[in-house]
>>> print(open('input25.pdb').read())   # PDB, C-alpha atoms, pLDDT in the B column
MODEL        1
ATOM      1  CA  MET A   1       0.000   0.000   0.000  1.00 52.00           C
ATOM      2  CA  SER A   2       1.317   3.466  -0.887  1.00 65.00           C
ATOM      3  CA  SER A   3       1.776   6.251   1.600  1.00 79.00           C
ATOM      4  CA  LEU A   4      -1.033   8.657   2.382  1.00 82.00           C
ATOM      5  CA  HIS A   5       0.868  11.484   0.679  1.00 76.00           C
ATOM      6  CA  VAL A   6       1.192   9.565  -2.591  1.00 72.00           C
ATOM      7  CA  GLU A   7      -2.493   8.691  -2.456  1.00 69.00           C
ATOM      8  CA  LEU A   8      -3.545  12.302  -1.842  1.00 71.00           C
ATOM      9  CA  VAL A   9      -1.257  13.753  -4.490  1.00 65.00           C
ATOM     10  CA  SER A  10      -2.332  11.275  -7.145  1.00 62.00           C
ATOM     11  CA  ASN A  11      -6.016  12.052  -6.544  1.00 56.00           C
ATOM     12  CA  SER A  12      -5.698  15.810  -6.379  1.00 51.00           C
ATOM     13  CA  PRO A  13      -6.722  18.015  -9.289  1.00 56.00           C
ATOM     14  CA  SER A  14      -4.021  19.502 -11.471  1.00 60.00           C
ATOM     15  CA  GLY A  15      -3.932  22.664  -9.376  1.00 79.00           C
ATOM     16  CA  CYS A  16      -4.973  26.207 -10.010  1.00 88.00           C
ATOM     17  CA  LYS A  17      -6.959  26.514 -13.227  1.00 89.00           C
ATOM     18  CA  VAL A  18      -5.807  30.082 -13.818  1.00 93.00           C
ATOM     19  CA  CYS A  19      -2.162  29.047 -13.377  1.00 91.00           C
ATOM     20  CA  SER A  20      -2.717  26.184 -15.831  1.00 88.00           C
ATOM     21  CA  PHE A  21      -4.118  28.648 -18.376  1.00 92.00           C
ATOM     22  CA  ILE A  22      -1.172  31.018 -17.902  1.00 93.00           C
ATOM     23  CA  ARG A  23       1.348  28.172 -18.293  1.00 90.00           C
ATOM     24  CA  SER A  24      -0.264  27.293 -21.621  1.00 92.00           C
ATOM     25  CA  LEU A  25       0.422  30.748 -23.073  1.00 94.00           C
ATOM     26  CA  PRO A  26       3.407  32.070 -24.982  1.00 95.00           C
ATOM     27  CA  SER A  27       5.773  34.014 -22.694  1.00 95.00           C
ATOM     28  CA  ARG A  28       4.686  37.500 -23.768  1.00 96.00           C
ATOM     29  CA  GLU A  29       0.984  36.767 -23.179  1.00 96.00           C
ATOM     30  CA  ALA A  30       1.696  35.015 -19.886  1.00 95.00           C
ATOM     31  CA  VAL A  31       3.588  38.061 -18.609  1.00 96.00           C
ATOM     32  CA  GLU A  32       0.652  40.290 -19.560  1.00 97.00           C
ATOM     33  CA  TRP A  33      -1.847  38.066 -17.737  1.00 97.00           C
ATOM     34  CA  VAL A  34       0.352  37.846 -14.632  1.00 96.00           C
ATOM     35  CA  ARG A  35       0.676  41.634 -14.575  1.00 96.00           C
ATOM     36  CA  GLU A  36      -3.078  42.192 -14.925  1.00 96.00           C
ATOM     37  CA  LEU A  37      -3.976  39.545 -12.347  1.00 97.00           C
ATOM     38  CA  GLY A  38      -1.562  41.191  -9.924  1.00 95.00           C
ATOM     39  CA  LEU A  39      -3.500  44.450  -9.990  1.00 96.00           C
ATOM     40  CA  THR A  40      -6.015  45.157  -7.250  1.00 95.00           C
ATOM     41  CA  VAL A  41      -9.636  44.139  -7.676  1.00 95.00           C
ATOM     42  CA  SER A  42     -10.596  47.813  -7.756  1.00 96.00           C
ATOM     43  CA  GLU A  43      -8.314  48.252 -10.792  1.00 96.00           C
ATOM     44  CA  VAL A  44      -9.317  45.051 -12.619  1.00 97.00           C
ATOM     45  CA  GLY A  45     -12.367  43.244 -11.297  1.00 97.00           C
ATOM     46  CA  ASN A  46     -12.687  39.489 -11.093  1.00 97.00           C
ATOM     47  CA  SER A  47     -15.722  39.549 -13.383  1.00 97.00           C
ATOM     48  CA  ALA A  48     -13.714  41.399 -16.054  1.00 97.00           C
ATOM     49  CA  ILE A  49     -11.099  38.648 -15.883  1.00 97.00           C
ATOM     50  CA  VAL A  50     -13.789  35.950 -16.149  1.00 97.00           C
ATOM     51  CA  LYS A  51     -15.193  37.662 -19.253  1.00 97.00           C
ATOM     52  CA  ALA A  52     -11.728  37.975 -20.845  1.00 97.00           C
ATOM     53  CA  LEU A  53     -11.081  34.284 -20.163  1.00 95.00           C
ATOM     54  CA  GLN A  54     -14.444  33.352 -21.694  1.00 96.00           C
ATOM     55  CA  LYS A  55     -13.521  35.282 -24.860  1.00 96.00           C
ATOM     56  CA  ARG A  56     -10.515  32.976 -25.073  1.00 92.00           C
ATOM     57  CA  GLY A  57     -12.564  29.826 -24.578  1.00 93.00           C
ATOM     58  CA  ILE A  58     -11.668  29.356 -20.907  1.00 92.00           C
ATOM     59  CA  VAL A  59     -14.725  29.003 -18.686  1.00 94.00           C
ATOM     60  CA  LEU A  60     -13.988  29.677 -15.028  1.00 93.00           C
ATOM     61  CA  ASN A  61     -16.062  31.203 -12.283  1.00 94.00           C
ATOM     62  CA  GLU A  62     -15.191  34.238 -10.206  1.00 96.00           C
ATOM     63  CA  ALA A  63     -14.305  32.053  -7.223  1.00 95.00           C
ATOM     64  CA  SER A  64     -11.459  30.434  -9.212  1.00 94.00           C
ATOM     65  CA  VAL A  65     -10.131  33.836 -10.223  1.00 96.00           C
ATOM     66  CA  ARG A  66     -10.445  35.156  -6.662  1.00 96.00           C
ATOM     67  CA  ARG A  67      -8.587  32.119  -5.254  1.00 94.00           C
ATOM     68  CA  HIS A  68      -5.829  32.532  -7.806  1.00 94.00           C
ATOM     69  CA  ARG A  69      -5.441  36.212  -6.997  1.00 95.00           C
ATOM     70  CA  THR A  70      -5.408  35.512  -3.256  1.00 94.00           C
ATOM     71  CA  ASN A  71      -3.004  32.578  -3.394  1.00 91.00           C
ATOM     72  CA  HIS A  72      -0.778  33.173  -6.418  1.00 90.00           C
ATOM     73  CA  ALA A  73      -0.865  36.796  -7.554  1.00 84.00           C
ATOM     74  CA  SER A  74       1.235  39.351  -5.757  1.00 68.00           C
TER      75      SER A  74
ENDMDL
END
>>> encode(input="input25.pdb", output="structure tokens")
Amino acid sequence: MSSLHVELVSNSPSGCKVCSFIRSLPSREAVEWVRELGLTVSEVGNSAIVKALQKRGIVLNEASVRRHRTNHAS
């Protein structure tokens, strides 16, 4: 039987959906997204980001964007 850690890691989702999207982009676009996501919510709202993602065929909810901004954006 494998360790608990191996079991948990193998069953966990691939991580942050916004980070996965950014990693899929060419460098120049990724830098632009990272910069915009790093702005405050009063500068660029979560709903605006959701709409921009939808235009690019990425369907995420505001909660995913908010979590990304809280946990991964500086």
>>> closest_residue(input="input25.pdb", among="A:Cys16, A:Leu60, A:Leu4, A:Ile49", to="Glu36 of chain A", atoms="all atoms listed in the file")
A:Ile49
>>> resolve_selection(input="input25.pdb", expression="the PyMOL selection byres ((chain A and resi 34) around 12)", output="list of chain:residue names")
A:Val18, A:Cys19, A:Phe21, A:Ile22, A:Arg23, A:Leu25, A:Ser27, A:Arg28, A:Glu29, A:Ala30, A:Val31, A:Glu32, A:Trp33, A:Arg35, A:Glu36, A:Leu37, A:Gly38, A:Leu39, A:Ile49, A:His68, A:Arg69, A:His72, A:Ala73, A:Ser74
>>> atom_distance(input="input25.pdb", atom1="atom CA of Ser42 of chain A", atom2="atom CA of Thr70 of chain A")
14.1 Å
>>> atom_distance(input="input25.pdb", atom1="atom CA of Ser20 of chain A", atom2="atom CA of Ala52 of chain A")
15.7 Å
>>> axis_aligned_box(input="input25.pdb", around="segment 28-43 of chain A", padding_each_side="3 Å", output="AutoDock Vina command-line options")
--center_x -3.0 --center_y 41.6 --center_z -15.5 --size_x 21.3 --size_y 19.2 --size_z 22.5
>>> atom_distance(input="input25.pdb", atom1="atom CA of His5 of chain A", atom2="atom CA of Asn61 of chain A")
29.0 Å
>>> closest_residue(input="input25.pdb", among="A:Val65, A:Val59, A:Lys17, A:Val6", to="Gly45 of chain A", atoms="all atoms listed in the file")
A:Val65
>>> decode(input="input25.pdb", residues="segment 21-36 of chain A", atoms="N, CA and C atoms", output="PDB file, in the first residue's frame")
ATOM      1  N   PHE A  21      -3.891  27.839 -17.184  1.00  0.00           N
ATOM      2  CA  PHE A  21      -4.118  28.648 -18.376  1.00  0.00           C
ATOM      3  C   PHE A  21      -2.881  29.490 -18.696  1.00  0.00           C
ATOM      4  N   ILE A  22      -2.335  30.150 -17.688  1.00  0.00           N
ATOM      5  CA  ILE A  22      -1.172  31.018 -17.902  1.00  0.00           C
ATOM      6  C   ILE A  22       0.020  30.210 -18.406  1.00  0.00           C
ATOM      7  N   ARG A  23       0.232  29.023 -17.850  1.00  0.00           N
ATOM      8  CA  ARG A  23       1.348  28.172 -18.293  1.00  0.00           C
ATOM      9  C   ARG A  23       1.196  27.740 -19.746  1.00  0.00           C
ATOM     10  N   SER A  24      -0.026  27.723 -20.243  1.00  0.00           N
ATOM     11  CA  SER A  24      -0.264  27.293 -21.621  1.00  0.00           C
ATOM     12  C   SER A  24       0.020  28.393 -22.648  1.00  0.00           C
ATOM     13  N   LEU A  25       0.246  29.600 -22.179  1.00  0.00           N
ATOM     14  CA  LEU A  25       0.422  30.748 -23.073  1.00  0.00           C
ATOM     15  C   LEU A  25       1.869  30.960 -23.485  1.00  0.00           C
ATOM     16  N   PRO A  26       2.064  31.618 -24.627  1.00  0.00           N
ATOM     17  CA  PRO A  26       3.407  32.070 -24.982  1.00  0.00           C
ATOM     18  C   PRO A  26       3.891  33.078 -23.919  1.00  0.00           C
ATOM     19  N   SER A  27       5.180  33.194 -23.762  1.00  0.00           N
ATOM     20  CA  SER A  27       5.773  34.014 -22.694  1.00  0.00           C
ATOM     21  C   SER A  27       5.217  35.431 -22.627  1.00  0.00           C
ATOM     22  N   ARG A  28       5.142  36.097 -23.757  1.00  0.00           N
ATOM     23  CA  ARG A  28       4.686  37.500 -23.768  1.00  0.00           C
ATOM     24  C   ARG A  28       3.258  37.626 -23.227  1.00  0.00           C
ATOM     25  N   GLU A  29       2.370  36.737 -23.662  1.00  0.00           N
ATOM     26  CA  GLU A  29       0.984  36.767 -23.179  1.00  0.00           C
ATOM     27  C   GLU A  29       0.912  36.398 -21.701  1.00  0.00           C
ATOM     28  N   ALA A  30       1.693  35.429 -21.289  1.00  0.00           N
ATOM     29  CA  ALA A  30       1.696  35.015 -19.886  1.00  0.00           C
ATOM     30  C   ALA A  30       2.110  36.168 -18.986  1.00  0.00           C
ATOM     31  N   VAL A  31       3.124  36.909 -19.393  1.00  0.00           N
ATOM     32  CA  VAL A  31       3.588  38.061 -18.609  1.00  0.00           C
ATOM     33  C   VAL A  31       2.467  39.094 -18.484  1.00  0.00           C
ATOM     34  N   GLU A  32       1.753  39.323 -19.579  1.00  0.00           N
ATOM     35  CA  GLU A  32       0.652  40.290 -19.560  1.00  0.00           C
ATOM     36  C   GLU A  32      -0.454  39.847 -18.595  1.00  0.00           C
ATOM     37  N   TRP A  33      -0.827  38.569 -18.645  1.00  0.00           N
ATOM     38  CA  TRP A  33      -1.847  38.066 -17.737  1.00  0.00           C
ATOM     39  C   TRP A  33      -1.396  38.155 -16.282  1.00  0.00           C
ATOM     40  N   VAL A  34      -0.162  37.784 -16.006  1.00  0.00           N
ATOM     41  CA  VAL A  34       0.352  37.846 -14.632  1.00  0.00           C
ATOM     42  C   VAL A  34       0.304  39.284 -14.124  1.00  0.00           C
ATOM     43  N   ARG A  35       0.699  40.216 -14.969  1.00  0.00           N
ATOM     44  CA  ARG A  35       0.676  41.634 -14.575  1.00  0.00           C
ATOM     45  C   ARG A  35      -0.755  42.082 -14.254  1.00  0.00           C
ATOM     46  N   GLU A  36      -1.697  41.762 -15.132  1.00  0.00           N
ATOM     47  CA  GLU A  36      -3.078  42.192 -14.925  1.00  0.00           C
ATOM     48  C   GLU A  36      -3.711  41.527 -13.707  1.00  0.00           C
TER      49      GLU A  36
END
